[in-house]
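What follows is the content of coords14.pdb (PDB, C-alpha atoms).
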```pdb
ATOM      1  CA  MET A  17     -21.634   0.523 -30.166
ATOM      2  CA  SER A  18     -20.599  -3.142 -30.170
ATOM      3  CA  SER A  19     -22.719  -5.725 -28.368
ATOM      4  CA  SER A  20     -19.933  -6.482 -25.886
ATOM      5  CA  ARG A  21     -19.631  -2.804 -25.021
ATOM      6  CA  ARG A  22     -23.410  -2.561 -24.545
ATOM      7  CA  SER A  23     -23.462  -5.591 -22.261
ATOM      8  CA  ARG A  24     -20.636  -4.090 -20.182
ATOM      9  CA  THR A  25     -22.571  -0.830 -19.989
ATOM     10  CA  ARG A  26     -25.692  -2.671 -18.841
ATOM     11  CA  ARG A  27     -23.713  -4.578 -16.223
ATOM     12  CA  ALA A  28     -22.108  -1.361 -15.011
ATOM     13  CA  GLY A  29     -25.530   0.268 -14.790
ATOM     14  CA  SER A  30     -26.974  -2.625 -12.836
ATOM     15  CA  SER A  31     -24.041  -2.623 -10.435
ATOM     16  CA  LEU A  32     -24.525   1.108  -9.892
ATOM     17  CA  SER A  33     -28.164   0.658  -8.995
ATOM     18  CA  SER A  34     -27.369  -2.196  -6.620
ATOM     19  CA  SER A  35     -24.551  -0.227  -4.990
ATOM     20  CA  SER A  36     -26.802   2.766  -4.442
ATOM     21  CA  SER A  37     -29.089   0.595  -2.332
ATOM     22  CA  ARG A  38     -26.069  -0.049  -0.069
ATOM     23  CA  SER A  39     -25.280   3.631   0.447
ATOM     24  CA  ILE A  40     -23.037   4.709   3.279
ATOM     25  CA  SER A  41     -24.300   7.232   5.805
ATOM     26  CA  GLU A  42     -22.522  10.516   6.489
ATOM     27  CA  ASP A  43     -21.605   9.228   9.954
ATOM     28  CA  GLN A  44     -20.018   6.116   8.462
ATOM     29  CA  ILE A  45     -18.055   8.235   5.991
ATOM     30  CA  SER A  46     -16.828  10.481   8.801
ATOM     31  CA  GLU A  47     -15.834   7.469  10.873
ATOM     32  CA  LEU A  48     -13.961   5.896   7.942
ATOM     33  CA  LEU A  49     -12.156   9.158   7.214
ATOM     34  CA  SER A  50     -11.146   9.458  10.860
ATOM     35  CA  LYS A  51      -9.757   5.925  10.778
ATOM     36  CA  LEU A  52      -7.937   6.676   7.537
ATOM     37  CA  GLN A  53      -6.473   9.864   8.993
ATOM     38  CA  ALA A  54      -5.277   7.927  12.050
ATOM     39  CA  LEU A  55      -3.303   5.587   9.769
ATOM     40  CA  LEU A  56      -1.297   8.447   8.275
ATOM     41  CA  PRO A  57       2.046   9.235   9.892
ATOM     42  CA  GLU A  58       2.320  12.515  11.784
ATOM     43  CA  SER A  59       4.404  14.064   9.000
ATOM     44  CA  GLN A  60       1.396  13.647   6.705
ATOM     45  CA  THR A  61      -0.879  15.588   9.080
ATOM     46  CA  ARG A  62       0.790  18.876   8.166
ATOM     47  CA  ASN A  63       2.769  19.348  11.394
ATOM     48  CA  GLY A  64       0.127  17.691  13.538
ATOM     49  CA  ALA A  65      -2.587  20.238  12.725
ATOM     50  CA  HIS A  66      -6.160  19.025  12.413
ATOM     51  CA  ARG A  67      -7.102  18.731   8.740
ATOM     52  CA  GLY A  68     -10.910  18.964   8.961
ATOM     53  CA  SER A  69     -11.456  18.648   5.218
ATOM     54  CA  GLU A  70     -12.428  15.224   3.893
ATOM     55  CA  ALA A  71     -10.794  16.099   0.585
ATOM     56  CA  ARG A  72      -7.545  16.950   2.416
ATOM     57  CA  VAL A  73      -7.551  13.565   4.186
ATOM     58  CA  LEU A  74      -7.987  11.799   0.850
ATOM     59  CA  GLN A  75      -5.286  13.923  -0.829
ATOM     60  CA  ASP A  76      -2.855  13.252   2.018
ATOM     61  CA  THR A  77      -3.641   9.541   1.875
ATOM     62  CA  CYS A  78      -2.947   9.459  -1.865
ATOM     63  CA  SER A  79       0.334  11.338  -1.355
ATOM     64  CA  TYR A  80       1.355   8.922   1.368
ATOM     65  CA  ILE A  81       0.559   5.896  -0.803
ATOM     66  CA  ARG A  82       2.580   7.406  -3.670
ATOM     67  CA  SER A  83       5.534   7.964  -1.311
ATOM     68  CA  LEU A  84       5.291   4.351  -0.124
ATOM     69  CA  HIS A  85       5.323   3.135  -3.735
ATOM     70  CA  GLN A  86       8.407   5.267  -4.407
ATOM     71  CA  GLU A  87      10.107   3.884  -1.303
ATOM     72  CA  VAL A  88       9.361   0.317  -2.412
ATOM     73  CA  ASP A  89      10.795   1.064  -5.857
ATOM     74  CA  ASN A  90      13.950   2.573  -4.344
ATOM     75  CA  LEU A  91      14.423  -0.353  -1.964
ATOM     76  CA  SER A  92      13.870  -2.829  -4.802
ATOM     77  CA  GLU A  93      16.562  -1.123  -6.863
ATOM     78  CA  THR A  94      18.948  -1.131  -3.914
ATOM     79  CA  LEU A  95      18.284  -4.798  -3.264
ATOM     80  CA  ALA A  96      18.803  -5.662  -6.933
ATOM     81  CA  GLU A  97      22.138  -3.823  -6.868
ATOM     82  CA  LEU A  98      23.192  -5.663  -3.702
ATOM     83  CA  LEU A  99      22.247  -9.037  -5.124
ATOM     84  CA  SER A 100      24.148  -8.383  -8.330
ATOM     85  CA  SER A 101      27.279  -7.118  -6.581
ATOM     86  CA  ALA A 102      30.370  -9.268  -6.228
ATOM     87  CA  ASP A 103      30.183  -8.997  -2.432
ATOM     88  CA  VAL A 104      27.149 -11.263  -2.197
ATOM     89  CA  THR A 105      27.778 -14.971  -2.642
ATOM     90  CA  SER A 106      25.220 -17.114  -4.394
ATOM     91  CA  ASP A 107      24.389 -18.749  -1.038
ATOM     92  CA  GLN A 108      23.762 -15.345   0.548
ATOM     93  CA  ALA A 109      21.662 -14.275  -2.432
ATOM     94  CA  ALA A 110      19.599 -17.466  -2.122
ATOM     95  CA  ILE A 111      18.975 -16.757   1.571
ATOM     96  CA  ILE A 112      17.908 -13.178   0.821
ATOM     97  CA  ARG A 113      15.576 -14.346  -1.968
ATOM     98  CA  SER A 114      14.011 -16.983   0.307
ATOM     99  CA  LEU A 115      13.372 -14.351   2.985
ATOM    100  CA  LEU A 116      11.650 -12.103   0.456
ATOM    101  CA  MET A 117       9.291 -14.780  -0.783
TER     102      MET A 117
END
```
Take the structure I supplied and represent it as structure tokens, if you would.
Amino acid sequence: MSSSRRSRTRRAGSSLSSSSSRSISEDQISELLSKLQALLPESQTRNGAHRGSEARVLQDTCSYIRSLHQEVDNLSETLAELLSSADVTSDQAAIIRSLLM
């Protein structure tokens, strides 16, 4: 094992021991999961049904984040197509770019 890899391993080990001293209680985890679940749109709650499982809340959150990433990608492609079309003048394109920044 190289010395740089060993030093990274030591640092990772020390950060693990320091993070374990800041453990989160079961009540705090439940509260955070409830807040996370409240942020999900109703369509992600499986027709509004209560999803008691912590794992289910995390899976649904990951699915929702993936869908948001896909939506951003699709909108970016659409915007790129609009900006490259002949219908958009360079002045209009400049205004759109300034609004996006």
Selected residue, from A:Ser46, A:Thr105, A:Asn90, A:Ser83, that lies nearest to Ser69 (chain A) when counting all atoms listed in the file: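 Of all the options, A:Ser46 lies closest to Ser69 (chain A).
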To one decimal in Å, tell me the separation between CA of Glu58 (chain A) and CA of Ser79 (chain A). 13.3 Å
Students should find that CA of Glu47 (chain A) and CA of Arg72 (chain A) are spaced 15.2 Å
Could you check which of A:Leu56, A:Ile112, A:Gln75, A:Asp43 is closest to Ala96 (chain A), using only C-alpha atoms?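 So, comparing all the options, the nearest one is A:Ile112.
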Starting from the PyMOL selection byres ((chain A and resi 80) around 12), expand the selection into actual residues of this file and give them as a PyMOL selection string. chain A and resi 52-53+55-61+73-79+81-87
Write a file of the just-selected residues containing C-alpha atoms, as an mmCIF file, in the frame of the given file.
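So result-v7.cif came out as:
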```
data_model
loop_
_atom_site.group_PDB
_atom_site.id
_atom_site.type_symbol
_atom_site.label_atom_id
_atom_site.label_comp_id
_atom_site.auth_asym_id
_atom_site.auth_seq_id
_atom_site.Cartn_x
_atom_site.Cartn_y
_atom_site.Cartn_z
ATOM 1 C CA LEU A 52 -7.937 6.676 7.537
ATOM 2 C CA GLN A 53 -6.473 9.864 8.993
ATOM 3 C CA LEU A 55 -3.303 5.587 9.769
ATOM 4 C CA LEU A 56 -1.297 8.447 8.275
ATOM 5 C CA PRO A 57 2.046 9.235 9.892
ATOM 6 C CA GLU A 58 2.320 12.515 11.784
ATOM 7 C CA SER A 59 4.404 14.064 9.000
ATOM 8 C CA GLN A 60 1.396 13.647 6.705
ATOM 9 C CA THR A 61 -0.879 15.588 9.080
ATOM 10 C CA VAL A 73 -7.551 13.565 4.186
ATOM 11 C CA LEU A 74 -7.987 11.799 0.850
ATOM 12 C CA GLN A 75 -5.286 13.923 -0.829
ATOM 13 C CA ASP A 76 -2.855 13.252 2.018
ATOM 14 C CA THR A 77 -3.641 9.541 1.875
ATOM 15 C CA CYS A 78 -2.947 9.459 -1.865
ATOM 16 C CA SER A 79 0.334 11.338 -1.355
ATOM 17 C CA ILE A 81 0.559 5.896 -0.803
ATOM 18 C CA ARG A 82 2.580 7.406 -3.670
ATOM 19 C CA SER A 83 5.534 7.964 -1.311
ATOM 20 C CA LEU A 84 5.291 4.351 -0.124
ATOM 21 C CA HIS A 85 5.323 3.135 -3.735
ATOM 22 C CA GLN A 86 8.407 5.267 -4.407
ATOM 23 C CA GLU A 87 10.107 3.884 -1.303
#
```
Closest to Leu98 (chain A) among A:Ala71, A:Gln44, A:Ala54, A:Arg113, using all atoms listed in the file?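 Using all atoms listed in the file, Leu98 (chain A) sits closest to A:Arg113.
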Could you check how far CA of Ser50 (chain A) sits from CA of Glu70 (chain A), in Å to one decimal?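 Distance between the two atoms: 9.1 Å.
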Residues near Leu99 (chain A), anyone? I mean within 10 Å using all atoms listed in the file, not counting same-chain ones fewer than 4 positions away, as a PyMOL selection string. chain A and resi 93-95+103-106+108-110+112-113
To box region 92-102 of chain A, take all atoms listed in the file, fit an axis-aligned box, add 4 Å on each side, and give centre and edge lengths in Å to one decimal, as AutoDock Vina command-line options.
```
--center_x 22.1 --center_y -5.2 --center_z -5.8 --size_x 24.5 --size_y 16.1 --size_z 13.1
```
